[in-house]
file upload-v9.txt (compact mmCIF, C-alpha atoms)
# COMPACT_ATOMS: atom_id res chain seq x y z
CA MET I 1 116.85 84.84 136.03
CA PRO I 2 115.72 86.74 132.92
CA ASN I 3 112.94 89.29 133.24
CA HIS I 4 110.41 87.86 130.76
CA LEU I 5 107.43 89.71 129.38
CA SER I 6 103.91 88.47 129.98
CA VAL I 7 101.60 87.84 127.05
CA LEU I 8 99.96 91.21 127.74
CA GLY I 9 103.43 92.76 127.95
CA ILE I 10 104.30 91.39 124.51
CA ILE I 11 101.03 92.66 123.01
CA HIS I 12 101.51 96.05 124.70
CA THR I 13 105.08 96.28 123.37
CA ILE I 14 104.07 95.40 119.80
CA ILE I 15 101.28 97.99 119.82
CA SER I 16 103.58 100.66 121.28
CA VAL I 17 106.26 100.02 118.65
CA LEU I 18 103.62 100.25 115.91
CA ALA I 19 102.43 103.56 117.40
CA ILE I 20 105.94 105.02 117.24
CA ILE I 21 106.36 103.75 113.66
CA ALA I 22 103.05 105.43 112.71
CA ALA I 23 104.28 108.69 114.28
CA ILE I 24 107.55 108.52 112.36
CA ILE I 25 105.69 107.85 109.10
CA ALA I 26 103.36 110.80 109.74
CA LEU I 27 106.31 113.06 110.52
CA LEU I 28 108.19 111.99 107.40
CA ARG I 29 105.17 112.30 105.11
CA HIS I 30 103.65 115.53 106.41
CA GLY I 31 106.27 117.11 108.64
CA LYS I 32 103.89 116.70 111.58
CA ILE I 33 101.45 114.27 113.13
CA ASN I 34 98.05 115.13 111.72
CA PRO I 35 95.54 113.29 113.92
CA GLY I 36 92.89 113.57 111.23
CA GLU I 37 94.76 111.64 108.55
CA GLY I 38 96.21 108.18 107.99
CA ALA I 39 99.38 107.58 109.99
CA GLY I 40 98.59 110.41 112.43
CA ARG I 41 95.17 108.93 113.20
CA LEU I 42 96.75 105.49 113.55
CA TYR I 43 99.34 106.94 115.96
CA VAL I 44 96.60 108.38 118.17
CA ILE I 45 94.58 105.14 118.20
CA LEU I 46 97.59 102.92 118.86
CA THR I 47 98.86 105.25 121.58
CA ILE I 48 95.51 105.07 123.37
CA ILE I 49 95.59 101.26 123.15
CA THR I 50 99.21 101.27 124.36
CA CYS I 51 98.28 103.30 127.43
CA LEU I 52 95.25 101.15 128.21
CA THR I 53 97.13 97.85 127.81
CA GLY I 54 99.93 99.21 130.00
CA PHE I 55 97.74 99.83 133.05
CA PRO I 56 97.35 96.17 134.11
CA ILE I 57 101.11 95.53 133.72
CA MET I 58 102.79 95.92 137.09
CA LYS I 59 106.30 94.49 137.16
CA THR I 60 106.78 95.78 140.71
CA GLY I 61 103.31 94.80 141.93
CA HIS I 62 102.06 98.39 142.06
CA PRO I 63 101.58 101.32 139.68
CA SER I 64 104.80 102.93 138.48
CA ALA I 65 105.90 106.18 136.87
CA GLY I 66 105.01 104.54 133.54
CA HIS I 67 101.38 104.29 134.65
CA VAL I 68 101.36 107.97 135.58
CA LEU I 69 102.79 108.84 132.14
CA GLY I 70 100.04 106.74 130.55
CA ILE I 71 97.41 108.80 132.36
CA ILE I 72 99.14 112.06 131.37
CA ILE I 73 99.28 110.93 127.73
CA LEU I 74 95.56 110.05 127.81
CA VAL I 75 94.81 113.55 129.14
CA ILE I 76 97.06 115.30 126.60
CA LEU I 77 95.90 113.35 123.51
CA PRO I 78 92.32 114.66 123.27
CA ILE I 79 93.52 118.21 123.91
CA ALA I 80 96.06 117.78 121.12
CA VAL I 81 93.63 116.11 118.72
CA TYR I 82 90.96 118.77 119.22
CA ALA I 83 93.29 121.77 119.75
CA ARG I 84 92.15 123.38 116.51
CA SER I 85 88.54 123.26 117.75
CA ILE I 86 89.25 124.84 121.13
CA PRO I 87 88.50 128.58 120.81
CA PHE I 88 90.71 129.44 123.79
CA PHE I 89 93.81 128.42 121.80
CA GLY I 90 93.00 130.84 118.99
CA LYS I 91 95.76 131.27 116.39
CA ALA I 92 98.16 129.20 118.49
CA ALA I 93 96.06 126.02 118.07
CA ASP I 94 98.20 124.49 115.31
CA TYR I 95 101.35 125.09 117.34
CA ILE I 96 99.80 123.69 120.51
CA GLN I 97 98.75 120.59 118.58
CA ILE I 98 102.32 120.05 117.35
CA ILE I 99 103.83 120.56 120.80
CA LEU I 100 101.35 118.29 122.58
CA LEU I 101 101.39 115.43 120.05
CA SER I 102 105.18 115.49 120.06
CA LEU I 103 105.11 115.52 123.86
CA THR I 104 103.08 112.30 123.84
CA ILE I 105 105.85 110.66 121.81
CA PHE I 106 108.49 111.91 124.22
CA PHE I 107 106.49 110.70 127.23
CA SER I 108 106.01 107.31 125.53
CA MET I 109 109.75 106.97 125.05
CA ILE I 110 110.45 107.27 128.78
CA PRO I 111 109.00 103.89 129.88
CA ALA I 112 110.01 102.36 126.55
CA THR I 113 113.63 103.30 127.21
CA VAL I 114 113.62 102.18 130.84
CA GLU I 115 111.96 98.86 130.02
CA THR I 116 114.20 98.14 127.03
CA LEU I 117 117.48 99.00 128.72
CA THR I 118 116.63 97.13 131.94
CA ARG I 119 115.54 94.00 130.04
CA LEU I 120 117.94 93.69 127.11
CA PRO I 121 120.04 91.83 126.43
CA ILE I 122 118.26 89.22 128.50
CA SER I 123 121.49 87.70 129.85
CA GLN I 124 122.90 91.05 131.05
CA PRO I 125 120.67 94.13 130.65
CA LEU I 126 122.40 97.39 129.71
CA ALA I 127 120.89 99.26 132.68
CA SER I 128 120.19 98.25 136.26
CA GLY I 129 117.23 100.60 136.74
CA PRO I 130 115.66 103.94 135.85
CA ASP I 131 118.49 105.88 137.55
CA SER I 132 121.18 104.17 135.47
CA PRO I 133 123.52 106.51 133.55
CA MET I 134 122.59 104.68 130.32
CA VAL I 135 118.88 105.38 130.90
CA LYS I 136 119.55 109.01 131.77
CA MET I 137 121.68 109.44 128.66
CA TRP I 138 118.94 108.06 126.40
CA LEU I 139 116.25 110.16 128.07
CA GLY I 140 118.43 113.20 127.41
CA ILE I 141 118.74 112.18 123.77
CA TRP I 142 114.95 111.75 123.47
CA PHE I 143 114.41 115.17 125.07
CA LEU I 144 116.87 116.77 122.65
CA LEU I 145 115.09 115.06 119.74
CA TYR I 146 111.76 116.34 121.10
CA ILE I 147 113.07 119.93 121.14
CA VAL I 148 114.63 119.62 117.67
CA GLY I 149 111.52 117.90 116.28
CA VAL I 150 109.09 120.47 117.68
CA THR I 151 111.29 123.31 116.45
CA TYR I 152 111.42 121.78 112.95
CA GLN I 153 107.65 121.32 112.87
CA ILE I 154 106.97 124.87 114.08
CA VAL I 155 109.37 126.39 111.54
CA LYS I 156 107.76 124.33 108.78
CA LEU I 157 104.26 125.37 109.90
CA ARG I 158 105.24 129.04 110.02
CA LYS I 159 106.59 128.82 106.46
CA LEU I 160 103.37 127.17 105.27
CA LYS I 161 101.23 129.80 106.98
CA LYS I 162 103.37 132.61 105.59
CA ALA I 163 103.17 131.15 102.07
CA ALA I 164 99.36 130.93 102.38
CA LEU I 165 99.00 134.65 103.22
CA PRO I 166 97.93 136.90 100.38
CA PRO I 167 100.68 139.24 99.18
CA ALA I 168 100.81 142.62 100.91
CA VAL I 169 99.37 145.48 98.88
CA SER I 170 101.56 148.58 98.79
call {"tool": "encode", "arguments": {"input": "upload-v9.txt", "output": "structure tokens"}}
result
Amino acid sequence: MPNHLSVLGIIHTIISVLAIIAAIIALLRHGKINPGEGAGRLYVILTIITCLTGFPIMKTGHPSAGHVLGIIILVILPIAVYARSIPFFGKAADYIQIILLSLTIFFSMIPATVETLTRLPISQPLASGPDSPMVKMWLGIWFLLYIVGVTYQIVKLRKLKKAALPPAVS
């Protein structure tokens, strides 16, 4: 019997896909997710809604690893959004913001991957569970993309900061 989504599951999935699209748009437009502007702000809002709508969904009848990731994302997001205002972070604040916002995307992709691969195609899902080789492969790909994406954003930020410095006087 197919594993159908509930109405809340469908709404949650739509919102989560829109959040990822907003993150991709922000990354393409600005080279990073800026939580204070357009697509970056939309990503943050939609990610919060995604986490909150995910809590009542319990396919197994009890909280899962996805619920724990939702809590972790909700803890990381405000730190990331306000990183530049946290004096403790000092000059590293911009870098911390990039790392943490990107981490929320990576964490979001974990349950998204498990749920997608264990549900689709409906007649014969590609994966039997979270320990499936297919799931593990995709999680490895997402982790690699996280590392590459963070590295790209940090290199870009360093270049921007270097370009903004006044020329050295000799």
call {"tool": "atom_distance", "arguments": {"input": "upload-v9.txt", "atom1": "CA of Ile110 in chain I", "atom2": "CA of Val81 in chain I"}}
result
21.5 Å
call {"tool": "closest_residue", "arguments": {"input": "upload-v9.txt", "among": "I:Val7, I:Ala127, I:Ala163, I:Val150", "to": "Pro56 in chain I", "atoms": "all atoms listed in the file"}}
result
I:Val7
call {"tool": "atom_distance", "arguments": {"input": "upload-v9.txt", "atom1": "CA of Leu69 in chain I", "atom2": "CA of Phe107 in chain I"}}
result
6.4 Å
call {"tool": "atom_distance", "arguments": {"input": "upload-v9.txt", "atom1": "CA of Ile122 in chain I", "atom2": "CA of Ile11 in chain I"}}
result
18.4 Å
call {"tool": "closest_residue", "arguments": {"input": "upload-v9.txt", "among": "I:Leu27, I:Ile96, I:Val114, I:Ala22", "to": "Ser64 in chain I", "atoms": "all atoms listed in the file"}}
result
I:Val114
call {"tool": "residues_near_point", "arguments": {"input": "upload-v9.txt", "point": "(101.2, 108.0, 133.6)", "cutoff": "12 Å", "atoms": "all atoms listed in the file", "output": "PDB file with C-alpha atoms, keeping the file's coordinate frame"}}
result
ATOM      1  CA  THR I  50      99.210 101.270 124.360  1.00  0.00           C
ATOM      2  CA  CYS I  51      98.280 103.300 127.430  1.00  0.00           C
ATOM      3  CA  LEU I  52      95.250 101.150 128.210  1.00  0.00           C
ATOM      4  CA  GLY I  54      99.930  99.210 130.000  1.00  0.00           C
ATOM      5  CA  PHE I  55      97.740  99.830 133.050  1.00  0.00           C
ATOM      6  CA  PRO I  63     101.580 101.320 139.680  1.00  0.00           C
ATOM      7  CA  SER I  64     104.800 102.930 138.480  1.00  0.00           C
ATOM      8  CA  ALA I  65     105.900 106.180 136.870  1.00  0.00           C
ATOM      9  CA  GLY I  66     105.010 104.540 133.540  1.00  0.00           C
ATOM     10  CA  HIS I  67     101.380 104.290 134.650  1.00  0.00           C
ATOM     11  CA  VAL I  68     101.360 107.970 135.580  1.00  0.00           C
ATOM     12  CA  LEU I  69     102.790 108.840 132.140  1.00  0.00           C
ATOM     13  CA  GLY I  70     100.040 106.740 130.550  1.00  0.00           C
ATOM     14  CA  ILE I  71      97.410 108.800 132.360  1.00  0.00           C
ATOM     15  CA  ILE I  72      99.140 112.060 131.370  1.00  0.00           C
ATOM     16  CA  ILE I  73      99.280 110.930 127.730  1.00  0.00           C
ATOM     17  CA  LEU I  74      95.560 110.050 127.810  1.00  0.00           C
ATOM     18  CA  VAL I  75      94.810 113.550 129.140  1.00  0.00           C
ATOM     19  CA  ILE I  76      97.060 115.300 126.600  1.00  0.00           C
ATOM     20  CA  THR I 104     103.080 112.300 123.840  1.00  0.00           C
ATOM     21  CA  PHE I 107     106.490 110.700 127.230  1.00  0.00           C
ATOM     22  CA  SER I 108     106.010 107.310 125.530  1.00  0.00           C
ATOM     23  CA  ILE I 110     110.450 107.270 128.780  1.00  0.00           C
ATOM     24  CA  PRO I 111     109.000 103.890 129.880  1.00  0.00           C
TER      25      PRO I 111
END
call {"tool": "closest_residue", "arguments": {"input": "upload-v9.txt", "among": "I:His62, I:Ala112, I:Ile154, I:Ala164", "to": "Tyr95 in chain I", "atoms": "only C-alpha atoms"}}
result
I:Ile154
call {"tool": "closest_residue", "arguments": {"input": "upload-v9.txt", "among": "I:Ile98, I:Leu144, I:Leu126, I:Ile49", "to": "His12 in chain I", "atoms": "only C-alpha atoms"}}
result
I:Ile49
call {"tool": "closest_residue", "arguments": {"input": "upload-v9.txt", "among": "I:Thr116, I:Thr151, I:Ser132, I:Ser102", "to": "Ala26 in chain I", "atoms": "only C-alpha atoms"}}
result
I:Ser102
call {"tool": "closest_residue", "arguments": {"input": "upload-v9.txt", "among": "I:Pro87, I:Pro167, I:Gly40, I:Gly129", "to": "Ile20 in chain I", "atoms": "only C-alpha atoms"}}
result
I:Gly40
call {"tool": "build_atoms", "arguments": {"input": "upload-v9.txt", "residues": "range 55-66 of chain I", "atoms": "all heavy atoms", "output": "compact mmCIF listing (two decimals), in the coordinates of the input"}}
result
# COMPACT_ATOMS: atom_id res chain seq x y z
N PHE I 55 98.22 99.67 131.67
CA PHE I 55 97.74 99.83 133.05
C PHE I 55 97.75 98.53 133.86
O PHE I 55 98.14 98.54 135.03
CB PHE I 55 96.37 100.51 133.09
CG PHE I 55 96.41 101.95 132.67
CD1 PHE I 55 95.41 102.48 131.89
CD2 PHE I 55 97.46 102.79 133.05
CE1 PHE I 55 95.43 103.82 131.49
CE2 PHE I 55 97.50 104.12 132.66
CZ PHE I 55 96.48 104.63 131.89
N PRO I 56 97.33 97.39 133.30
CA PRO I 56 97.35 96.17 134.11
C PRO I 56 98.75 95.57 134.32
O PRO I 56 98.92 94.67 135.13
CB PRO I 56 96.49 95.18 133.33
CG PRO I 56 95.95 95.90 132.15
CD PRO I 56 96.64 97.20 132.03
N ILE I 57 99.75 96.07 133.60
CA ILE I 57 101.11 95.53 133.72
C ILE I 57 101.81 96.20 134.90
O ILE I 57 102.04 97.41 134.88
CB ILE I 57 101.91 95.76 132.41
CG1 ILE I 57 101.20 95.09 131.23
CG2 ILE I 57 103.33 95.25 132.57
CD1 ILE I 57 101.79 95.45 129.88
N MET I 58 102.13 95.38 135.90
CA MET I 58 102.79 95.92 137.09
C MET I 58 103.94 95.02 137.48
O MET I 58 103.79 94.11 138.30
CB MET I 58 101.79 96.07 138.23
CG MET I 58 100.74 97.10 137.94
SD MET I 58 99.76 97.46 139.38
CE MET I 58 98.28 98.08 138.61
N LYS I 59 105.10 95.29 136.90
CA LYS I 59 106.30 94.49 137.16
C LYS I 59 106.66 94.51 138.64
O LYS I 59 107.13 93.51 139.18
CB LYS I 59 107.45 95.04 136.30
CG LYS I 59 108.75 94.29 136.42
CD LYS I 59 109.76 94.68 135.37
CE LYS I 59 110.29 96.08 135.59
NZ LYS I 59 111.44 96.38 134.71
N THR I 60 106.42 95.64 139.30
CA THR I 60 106.78 95.78 140.71
C THR I 60 105.63 95.45 141.65
O THR I 60 105.78 95.52 142.86
CB THR I 60 107.25 97.22 141.00
OG1 THR I 60 106.19 98.13 140.68
CG2 THR I 60 108.48 97.57 140.20
N GLY I 61 104.46 95.12 141.09
CA GLY I 61 103.31 94.80 141.93
C GLY I 61 102.44 96.00 142.27
O GLY I 61 101.43 95.87 142.94
N HIS I 62 102.85 97.17 141.82
CA HIS I 62 102.06 98.39 142.06
C HIS I 62 102.28 99.36 140.91
O HIS I 62 103.23 99.21 140.14
CB HIS I 62 102.44 99.03 143.41
CG HIS I 62 103.89 99.32 143.54
ND1 HIS I 62 104.50 100.43 142.97
CD2 HIS I 62 104.87 98.64 144.17
CE1 HIS I 62 105.79 100.41 143.25
NE2 HIS I 62 106.05 99.34 143.98
N PRO I 63 101.41 100.36 140.77
CA PRO I 63 101.58 101.32 139.68
C PRO I 63 102.95 102.00 139.76
O PRO I 63 103.50 102.22 140.84
CB PRO I 63 100.46 102.33 139.91
CG PRO I 63 99.42 101.57 140.66
CD PRO I 63 100.19 100.62 141.54
N SER I 64 103.47 102.32 138.58
CA SER I 64 104.80 102.93 138.48
C SER I 64 104.70 104.29 137.79
O SER I 64 103.61 104.73 137.41
CB SER I 64 105.72 102.02 137.67
OG SER I 64 105.25 101.96 136.32
N ALA I 65 105.84 104.91 137.60
CA ALA I 65 105.90 106.18 136.87
C ALA I 65 105.35 106.01 135.44
O ALA I 65 104.74 106.93 134.89
CB ALA I 65 107.32 106.71 136.84
N GLY I 66 105.54 104.82 134.87
CA GLY I 66 105.01 104.54 133.54
C GLY I 66 103.49 104.63 133.50
O GLY I 66 102.90 105.10 132.52
